[in-house]
Structures are given as structure tokens and as C-alpha cells.
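*Asks:* Dropping in entry.tsv, which is TSV, C-alpha atoms:
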```tsv
chain	number	residue	atom	x	y	z
I	1100	MET	CA	115.94	26.32	74.22
I	1101	LYS	CA	115.95	29.50	72.20
I	1102	LYS	CA	114.12	31.28	74.98
I	1103	SER	CA	116.68	30.15	77.56
I	1104	PHE	CA	119.53	31.22	75.33
I	1105	TYR	CA	117.92	34.64	74.81
I	1106	ILE	CA	117.49	35.11	78.56
I	1107	LEU	CA	121.12	34.10	79.15
I	1108	CYS	CA	122.35	36.57	76.53
I	1109	CYS	CA	120.32	39.36	78.03
I	1110	PHE	CA	121.72	38.56	81.47
I	1111	LEU	CA	125.27	38.62	80.15
I	1112	ILE	CA	124.74	41.93	78.32
I	1113	VAL	CA	123.23	43.60	81.39
I	1114	SER	CA	126.08	42.28	83.52
I	1115	LEU	CA	128.67	43.62	81.12
I	1116	ILE	CA	126.94	47.01	81.09
I	1117	PHE	CA	127.03	47.23	84.88
I	1118	VAL	CA	130.65	46.14	85.01
I	1119	SER	CA	131.60	48.60	82.29
I	1120	CYS	CA	129.75	51.44	83.99
I	1121	GLY	CA	131.40	50.66	87.29
I	1122	LYS	CA	134.88	50.72	85.76
I	1123	SER	CA	134.38	53.88	83.66
I	1124	TYR	CA	132.14	55.99	85.92
I	1125	ASN	CA	134.84	58.51	86.80
I	1126	GLN	CA	135.89	58.80	83.19
I	1127	ILE	CA	132.30	59.47	82.13
I	1128	LYS	CA	131.96	62.17	84.78
I	1129	ARG	CA	135.15	63.80	83.58
I	1130	LEU	CA	133.91	63.79	80.01
I	1131	GLN	CA	130.60	65.20	81.12
I	1132	ALA	CA	132.36	68.00	82.98
I	1133	MET	CA	134.37	68.80	79.88
I	1134	GLU	CA	131.22	68.94	77.78
I	1135	GLU	CA	129.53	71.25	80.30
I	1136	GLY	CA	132.40	73.70	80.30
I	1137	VAL	CA	135.03	72.16	82.59
I	1138	SER	CA	133.79	72.23	86.18
I	1139	SER	CA	137.27	72.33	87.70
I	1140	PRO	CA	139.67	73.58	85.00
I	1141	THR	CA	143.34	73.23	85.77
I	1142	THR	CA	145.33	73.49	82.56
I	1143	VAL	CA	145.63	76.63	80.45
I	1144	ASP	CA	143.62	75.04	77.64
I	1145	GLU	CA	140.87	73.97	80.03
I	1146	LEU	CA	140.69	77.46	81.52
I	1147	LYS	CA	140.48	79.05	78.08
I	1148	ASP	CA	137.79	76.59	77.09
I	1149	ALA	CA	135.76	77.25	80.23
I	1150	ILE	CA	136.03	81.03	79.78
I	1151	GLY	CA	134.97	80.76	76.16
I	1152	LYS	CA	131.92	78.69	77.00
I	1153	TYR	CA	130.75	80.80	79.94
I	1154	GLU	CA	131.86	84.30	78.96
I	1155	ASN	CA	128.44	85.31	77.67
I	1156	ARG	CA	126.79	83.91	80.77
I	1157	ILE	CA	129.18	85.87	83.00
I	1158	ASN	CA	128.41	89.03	81.06
I	1159	ASP	CA	124.69	88.42	81.50
I	1160	ILE	CA	125.15	88.03	85.25
I	1161	MET	CA	127.21	91.23	85.45
I	1162	ILE	CA	124.61	93.19	83.50
I	1163	ALA	CA	121.87	91.87	85.78
I	1164	GLU	CA	123.85	92.85	88.89
I	1165	GLN	CA	124.54	96.32	87.52
I	1166	GLN	CA	120.89	96.85	86.67
I	1167	THR	CA	119.83	95.73	90.14
I	1168	GLY	CA	122.08	98.37	91.68
I	1169	ILE	CA	120.61	101.02	89.39
I	1170	TRP	CA	117.07	100.04	90.34
I	1171	TRP	CA	117.90	100.35	94.05
I	1172	LYS	CA	119.29	103.84	93.42
I	1173	ILE	CA	116.20	104.88	91.47
I	1174	LEU	CA	113.95	103.50	94.21
I	1175	GLY	CA	115.92	105.41	96.84
I	1176	SER	CA	115.54	108.61	94.83
I	1177	ARG	CA	111.77	108.11	94.59
I	1178	TYR	CA	111.51	107.51	98.34
I	1179	LEU	CA	113.61	110.63	98.94
I	1180	ASP	CA	111.32	112.72	96.73
I	1181	GLU	CA	108.36	111.55	98.81
I	1182	GLY	CA	110.08	112.35	102.11
I	1183	MET	CA	110.28	108.65	103.05
I	1184	TYR	CA	113.80	108.98	104.41
I	1185	GLY	CA	114.03	105.65	106.24
I	1186	ASP	CA	113.05	103.67	103.16
I	1187	ALA	CA	115.31	105.84	101.00
I	1188	LEU	CA	118.24	105.20	103.35
I	1189	ALA	CA	117.72	101.44	103.15
I	1190	ALA	CA	117.49	101.54	99.34
I	1191	PHE	CA	120.69	103.59	98.95
I	1192	GLU	CA	122.52	101.22	101.29
I	1193	LYS	CA	121.38	98.34	99.07
I	1194	ALA	CA	122.66	100.19	96.00
I	1195	ILE	CA	126.07	100.59	97.66
I	1196	MET	CA	126.35	96.79	97.82
I	1197	TYR	CA	126.46	96.87	94.02
I	1198	TYR	CA	128.37	100.14	93.59
I	1199	PRO	CA	130.67	100.47	96.63
I	1200	ALA	CA	132.84	103.15	94.99
I	1201	ASN	CA	130.05	105.53	93.97
I	1202	PRO	CA	130.34	108.79	95.98
I	1203	ASN	CA	126.79	109.88	95.07
I	1204	LEU	CA	125.31	106.92	96.92
I	1205	TYR	CA	127.27	107.72	100.07
I	1206	TYR	CA	126.14	111.33	99.84
I	1207	TYR	CA	122.50	110.24	99.74
I	1208	VAL	CA	123.04	107.87	102.67
I	1209	GLY	CA	124.45	110.81	104.62
I	1210	LEU	CA	121.55	113.04	103.62
I	1211	CYS	CA	118.91	110.50	104.60
I	1212	ALA	CA	120.67	109.63	107.85
I	1213	GLY	CA	120.69	113.33	108.75
I	1214	TYR	CA	116.96	113.56	108.17
I	1215	MET	CA	116.40	110.43	110.25
I	1216	ALA	CA	118.50	111.90	113.07
I	1217	ASP	CA	116.15	114.89	113.19
I	1218	ALA	CA	113.10	112.63	112.93
I	1219	SER	CA	114.23	110.63	115.95
I	1220	LEU	CA	113.69	113.76	118.10
I	1221	ASP	CA	110.29	114.66	116.70
I	1222	TYR	CA	108.53	112.91	119.55
I	1223	GLY	CA	109.37	115.46	122.24
I	1224	ALA	CA	110.21	113.83	125.54
I	1225	THR	CA	110.09	110.38	123.99
I	1226	GLY	CA	112.81	111.19	121.44
I	1227	ASP	CA	115.54	108.55	121.25
I	1228	LEU	CA	118.89	110.28	121.78
I	1229	SER	CA	120.90	107.11	121.19
I	1230	LYS	CA	119.12	106.55	117.88
I	1231	ARG	CA	119.82	110.15	116.88
I	1232	GLU	CA	123.50	109.74	117.71
I	1233	ASN	CA	123.72	106.58	115.62
I	1234	TYR	CA	122.12	108.29	112.64
I	1235	LEU	CA	124.51	111.24	112.98
I	1236	LYS	CA	127.50	108.91	113.08
I	1237	LEU	CA	126.20	107.16	109.97
I	1238	ALA	CA	125.74	110.51	108.21
I	1239	GLU	CA	129.25	111.60	109.18
I	1240	SER	CA	130.74	108.32	107.97
I	1241	ALA	CA	128.82	108.39	104.68
I	1242	TYR	CA	129.72	112.00	103.85
I	1243	SER	CA	133.35	111.32	104.76
I	1244	ARG	CA	133.45	108.29	102.47
I	1245	ALA	CA	131.95	110.32	99.62
I	1246	ILE	CA	134.71	112.90	100.07
I	1247	GLU	CA	137.38	110.19	100.15
I	1248	LEU	CA	136.10	108.93	96.81
I	1249	ASN	CA	135.75	112.44	95.36
I	1250	PRO	CA	137.65	115.13	97.30
I	1251	THR	CA	135.98	117.96	95.35
I	1252	TYR	CA	132.43	116.70	95.84
I	1253	THR	CA	130.88	119.96	97.02
I	1254	ARG	CA	127.54	118.57	98.19
I	1255	ALA	CA	129.29	116.13	100.51
I	1256	LEU	CA	131.70	118.83	101.75
I	1257	TYR	CA	128.77	121.10	102.58
I	1258	GLY	CA	126.64	118.33	104.10
I	1259	LEU	CA	129.40	117.20	106.45
I	1260	ALA	CA	130.22	120.79	107.43
I	1261	VAL	CA	126.58	121.45	108.34
I	1262	LEU	CA	126.61	118.37	110.57
I	1263	TYR	CA	129.69	119.59	112.39
I	1264	VAL	CA	128.37	123.12	112.91
I	1265	PHE	CA	124.69	122.51	113.70
I	1266	GLU	CA	124.19	118.87	114.70
I	1267	PHE	CA	127.21	117.78	116.73
I	1268	ASP	CA	128.48	119.56	119.82
I	1269	LYS	CA	130.65	122.64	119.43
I	1270	SER	CA	133.87	120.69	119.88
I	1271	LYS	CA	133.44	119.33	116.34
I	1272	SER	CA	132.60	122.63	114.70
I	1273	ALA	CA	136.28	123.32	113.91
I	1274	LYS	CA	136.23	120.35	111.55
I	1275	ALA	CA	133.81	122.24	109.33
I	1276	ILE	CA	136.29	125.05	108.63
I	1277	PRO	CA	138.64	123.26	106.18
I	1278	LEU	CA	135.67	121.61	104.49
I	1279	LEU	CA	133.94	124.92	103.80
I	1280	GLU	CA	137.14	126.72	102.88
I	1281	LYS	CA	137.70	124.03	100.24
I	1282	PHE	CA	134.06	124.25	99.16
I	1283	LEU	CA	134.37	127.99	98.58
I	1284	THR	CA	137.41	127.57	96.35
I	1285	ILE	CA	135.05	125.67	94.03
I	1286	GLU	CA	131.70	127.39	94.61
I	1287	THR	CA	133.03	130.89	95.12
I	1288	LYS	CA	129.67	132.69	95.32
I	1289	ASP	CA	127.68	130.30	97.53
I	1290	THR	CA	126.48	132.55	100.34
I	1291	ASP	CA	124.85	129.67	102.26
I	1292	ALA	CA	128.28	128.08	102.70
I	1293	MET	CA	129.72	131.48	103.65
I	1294	PHE	CA	127.16	131.86	106.45
I	1295	VAL	CA	127.97	128.40	107.81
I	1296	LEU	CA	131.71	129.10	107.64
I	1297	ALA	CA	131.27	132.47	109.37
I	1298	ARG	CA	129.41	130.70	112.18
I	1299	ALA	CA	132.15	128.07	112.43
I	1300	TYR	CA	134.74	130.84	112.76
I	1301	TYR	CA	132.60	132.58	115.36
I	1302	VAL	CA	132.06	129.58	117.66
I	1303	ASN	CA	135.79	128.87	117.49
I	1304	TYR	CA	136.63	132.47	118.52
I	1305	GLU	CA	138.04	133.39	115.11
I	1306	PHE	CA	136.15	136.69	115.23
I	1307	GLN	CA	138.09	138.58	112.58
I	1308	LEU	CA	137.74	135.70	110.12
I	1309	ALA	CA	134.00	135.65	110.81
I	1310	ILE	CA	133.78	139.40	110.13
I	1311	ASP	CA	135.75	139.00	106.92
I	1312	MET	CA	133.37	136.27	105.80
I	1313	TYR	CA	130.33	138.45	106.46
I	1314	ASP	CA	132.00	141.19	104.43
I	1315	ARG	CA	132.45	138.67	101.63
I	1316	ILE	CA	128.75	137.84	101.76
I	1317	ILE	CA	127.83	141.54	101.63
I	1318	ALA	CA	130.06	142.03	98.60
I	1319	THR	CA	128.78	138.92	96.83
I	1320	THR	CA	125.02	138.82	97.31
I	1321	THR	CA	122.43	140.59	95.23
I	1322	SER	CA	119.73	139.93	97.82
I	1323	ASP	CA	118.84	142.77	100.17
I	1324	GLU	CA	117.59	140.27	102.74
I	1325	THR	CA	120.83	138.27	102.66
I	1326	ARG	CA	122.91	141.44	102.90
I	1327	ALA	CA	120.90	142.66	105.88
I	1328	GLU	CA	121.34	139.33	107.67
I	1329	ALA	CA	125.09	139.39	107.06
I	1330	GLU	CA	125.36	142.99	108.32
I	1331	ALA	CA	123.39	142.12	111.47
I	1332	ASN	CA	125.56	139.08	112.19
I	1333	LYS	CA	128.70	141.09	111.56
I	1334	LYS	CA	127.60	143.68	114.11
I	1335	ILE	CA	127.03	140.96	116.72
I	1336	VAL	CA	130.52	139.57	116.21
I	1337	MET	CA	132.12	143.02	116.26
I	1338	ASP	CA	130.35	143.92	119.51
I	1339	ILE	CA	131.58	140.71	121.15
I	1340	MET	CA	135.11	141.14	119.81
I	1341	TYR	CA	135.50	144.73	120.99
I	1342	ASP	CA	133.85	144.06	124.36
I	1343	ALA	CA	136.17	141.11	125.03
```
Let me see whether you can do it: turn the structure in this file into C-alpha cells.

*Replies:*
Amino acid sequence: MKKSFYILCCFLIVSLIFVSCGKSYNQIKRLQAMEEGVSSPTTVDELKDAIGKYENRINDIMIAEQQTGIWWKILGSRYLDEGMYGDALAAFEKAIMYYPANPNLYYYVGLCAGYMADASLDYGATGDLSKRENYLKLAESAYSRAIELNPTYTRALYGLAVLYVFEFDKSKSAKAIPLLEKFLTIETKDTDAMFVLARAYYVNYEFQLAIDMYDRIIATTTSDETRAEAEANKKIVMDIMYDA
């Protein structure tokens, strides 16, 4: 008798538990969500509570993301130092995913893409012209973006100007002129930039401006070799101008 009564009581208790759980399941889930930090906060208090509980975790995630971007940049720099330009390019592009407003990263993408454009023609007759063109477009885009982010970024100004003068066809060389003119308002004694600008003037038939730039090089440099090169180039331009 006692055994039967015990079994009956157990059956009733289990039944009540299942009934109770069925009726209050949603309420339990809501309480659980509140305890875990509010999975779908709606009210101001719930939002504040969720932020308070997960703020440290969010900060940890942000720090981890920032560090990942830094590691990609460091890896790209190491590849660049070793002349592994393809791997460096890929690493810098990864870093940009974490730091999309960093002009330095775009500069390095442009630099590496320029190297890869040259490398694509290192196989003589088997060089891939379409691949070279794609790399040059990437370099142009990356340098341009760096300048958008930092208009006085001299390395990007110079890098893009060199592309326009020496890598693209002559029709784009005029685009180098304002870039280098701006560069030389910042780096007033950079004779490398002066040579590139003089060439840009020359190929665009601005002969007097080219001569003036060679005169500026002659007046600026302390190198006999650089002065001799400028004087020789100046003579070439003068001969063409006066023969025209």
C-alpha cells in the first residue's frame, strides 16, 4: 500500500513538473536571457544593462581586431624588406580591412603593386601585359586613395607621379605635373622629384618650364654628378626648343 502510494505521488509530482515547465518555458527563457545580458534588449534599461555586462568583452574584441591589423602590417613590412612583393601586397591589403582609413597602408599597396607590375614583364616574350595593366591600375588607385586621406603625403604624391611619367603611356604624364608641383612646395630640395617634373614638362611640350626646373636642380644640388646630368638634359631641351 505504501509502495503504491509512493509511486502515485512520484507520478503526480513528475506530471506537475512537466505541466509547469510547459506553461512557463517562455518565461524561463526570458529570465535566462536577462541573466546572460539581455539577448534582444528593447527598453532603455535593458540596453544599459546589456552594455554594462558586455562592455569589457566588446573592448577585448576591439583590441584583438586592432592587434590583428597591426600584425598584418608588420608582416607586410617584413615581406617588403625581403623583396617578396606579392606576399607583401596581400598582407597590406589584409591590414586595410582593419584600418581602411590609414594612408600608409594604401601607399604600401601602391608600392608593391608597382613592383609586381614590373615583375609581370620579367619573363620576356611570355610577360603578361594584362596582368601588368591590372597591377598598374591597382597602384594608381592605392596611391590616389592615400592622397585623398592625406593630401600632403609626399611619398604617395611622388609614387603616383612616377607611375604617370614612366609606367603609363604619355597621355597620362600631364597628371604628374600638379602632383610634383605640390610635392616640391613641401620637399623643396628634392632633386629626384625635380628631374621627374622636368621630364613631365618636357614630354608635354612645356620646354621653358623644363629648362627652369633643370636650372633649379643646378642651383640646389651639391652633387657634381647631379649637376652635370641636369646641365646635359637642359641642353637637350634647349636644342629641341630652338630647332622647333

*Asks:* In Å, how far is it from CA of Cys1211 in chain I to CA of Lys1274 in chain I?

*Replies:*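 Separation between CA of Cys1211 in chain I and CA of Lys1274 in chain I: 21.1 Å.
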
*Asks:* Enumerate, as a PyMOL selection string, the protein, DNA and RNA residues whose atoms approach (130.9, 120.2, 107.5) to within 9 Å, taking into account all atoms listed in the file and the coordinate frame of the file.

*Replies:* chain I and resi 1239+1255-1264+1272-1279+1295-1296

*Asks:* Please, what distance in Å, to one decimal, runs between CA of Leu1237 in chain I and CA of Val1208 in chain I?

*Replies:*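 For CA of Leu1237 in chain I relative to CA of Val1208 in chain I, the distance reads 8.0 Å.
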
*Asks:* Tell me, as a list in words, which residues lie within 12 Å of Ala1331 in chain I, counting all atoms listed in the file; anything in the same chain fewer than 3 positions away does not count.

*Replies:*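 Answer for this query is Ile1310, Tyr1313, Asp1314, Ile1316, Ile1317, Glu1324, Thr1325, Arg1326, Ala1327, Glu1328, Lys1334, Ile1335, Val1336, Met1337 and Asp1338 of chain I.
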
*Asks:* Which polymer residues have any atom within 10 Å of an atom of range 1180-1193 of chain I, counting only C-alpha atoms, with same-chain residues fewer than 2 positions away left out, as a ChimeraX atom specification?

*Replies:* /I:1167-1178,1195-1199,1203-1215,1218

*Asks:* Write a file of the just-selected residues containing C-alpha atoms, as an mmCIF file, in the frame of the given file.

*Replies:*
```
data_model
loop_
_atom_site.group_PDB
_atom_site.id
_atom_site.type_symbol
_atom_site.label_atom_id
_atom_site.label_comp_id
_atom_site.auth_asym_id
_atom_site.auth_seq_id
_atom_site.Cartn_x
_atom_site.Cartn_y
_atom_site.Cartn_z
ATOM 1 C CA THR I 1167 119.830 95.730 90.140
ATOM 2 C CA GLY I 1168 122.080 98.370 91.680
ATOM 3 C CA ILE I 1169 120.610 101.020 89.390
ATOM 4 C CA TRP I 1170 117.070 100.040 90.340
ATOM 5 C CA TRP I 1171 117.900 100.350 94.050
ATOM 6 C CA LYS I 1172 119.290 103.840 93.420
ATOM 7 C CA ILE I 1173 116.200 104.880 91.470
ATOM 8 C CA LEU I 1174 113.950 103.500 94.210
ATOM 9 C CA GLY I 1175 115.920 105.410 96.840
ATOM 10 C CA SER I 1176 115.540 108.610 94.830
ATOM 11 C CA ARG I 1177 111.770 108.110 94.590
ATOM 12 C CA TYR I 1178 111.510 107.510 98.340
ATOM 13 C CA ILE I 1195 126.070 100.590 97.660
ATOM 14 C CA MET I 1196 126.350 96.790 97.820
ATOM 15 C CA TYR I 1197 126.460 96.870 94.020
ATOM 16 C CA TYR I 1198 128.370 100.140 93.590
ATOM 17 C CA PRO I 1199 130.670 100.470 96.630
ATOM 18 C CA ASN I 1203 126.790 109.880 95.070
ATOM 19 C CA LEU I 1204 125.310 106.920 96.920
ATOM 20 C CA TYR I 1205 127.270 107.720 100.070
ATOM 21 C CA TYR I 1206 126.140 111.330 99.840
ATOM 22 C CA TYR I 1207 122.500 110.240 99.740
ATOM 23 C CA VAL I 1208 123.040 107.870 102.670
ATOM 24 C CA GLY I 1209 124.450 110.810 104.620
ATOM 25 C CA LEU I 1210 121.550 113.040 103.620
ATOM 26 C CA CYS I 1211 118.910 110.500 104.600
ATOM 27 C CA ALA I 1212 120.670 109.630 107.850
ATOM 28 C CA GLY I 1213 120.690 113.330 108.750
ATOM 29 C CA TYR I 1214 116.960 113.560 108.170
ATOM 30 C CA MET I 1215 116.400 110.430 110.250
ATOM 31 C CA ALA I 1218 113.100 112.630 112.930
#
```

*Asks:* In Å, how far is it from CA of Thr1319 in chain I to CA of Thr1290 in chain I?

*Replies:*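 Here the two named atoms are 7.6 Å from each other.
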
*Asks:* So which one's closest to Lys1281 in chain I, I:Ile1160, I:Ile1246, I:Val1302, I:Ala1200? Using only C-alpha atoms, please.

*Replies:*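 That would be I:Ile1246, the residue with the smallest distance to Lys1281 in chain I.
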
*Asks:* Point out the residue among I:Pro1202, I:Phe1267, I:Phe1282, I:Arg1298 with the least atom-to-atom distance to Ser1243 in chain I, counting only C-alpha atoms.

*Replies:*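 With only C-alpha atoms as the atom set, the closest residue is I:Pro1202.
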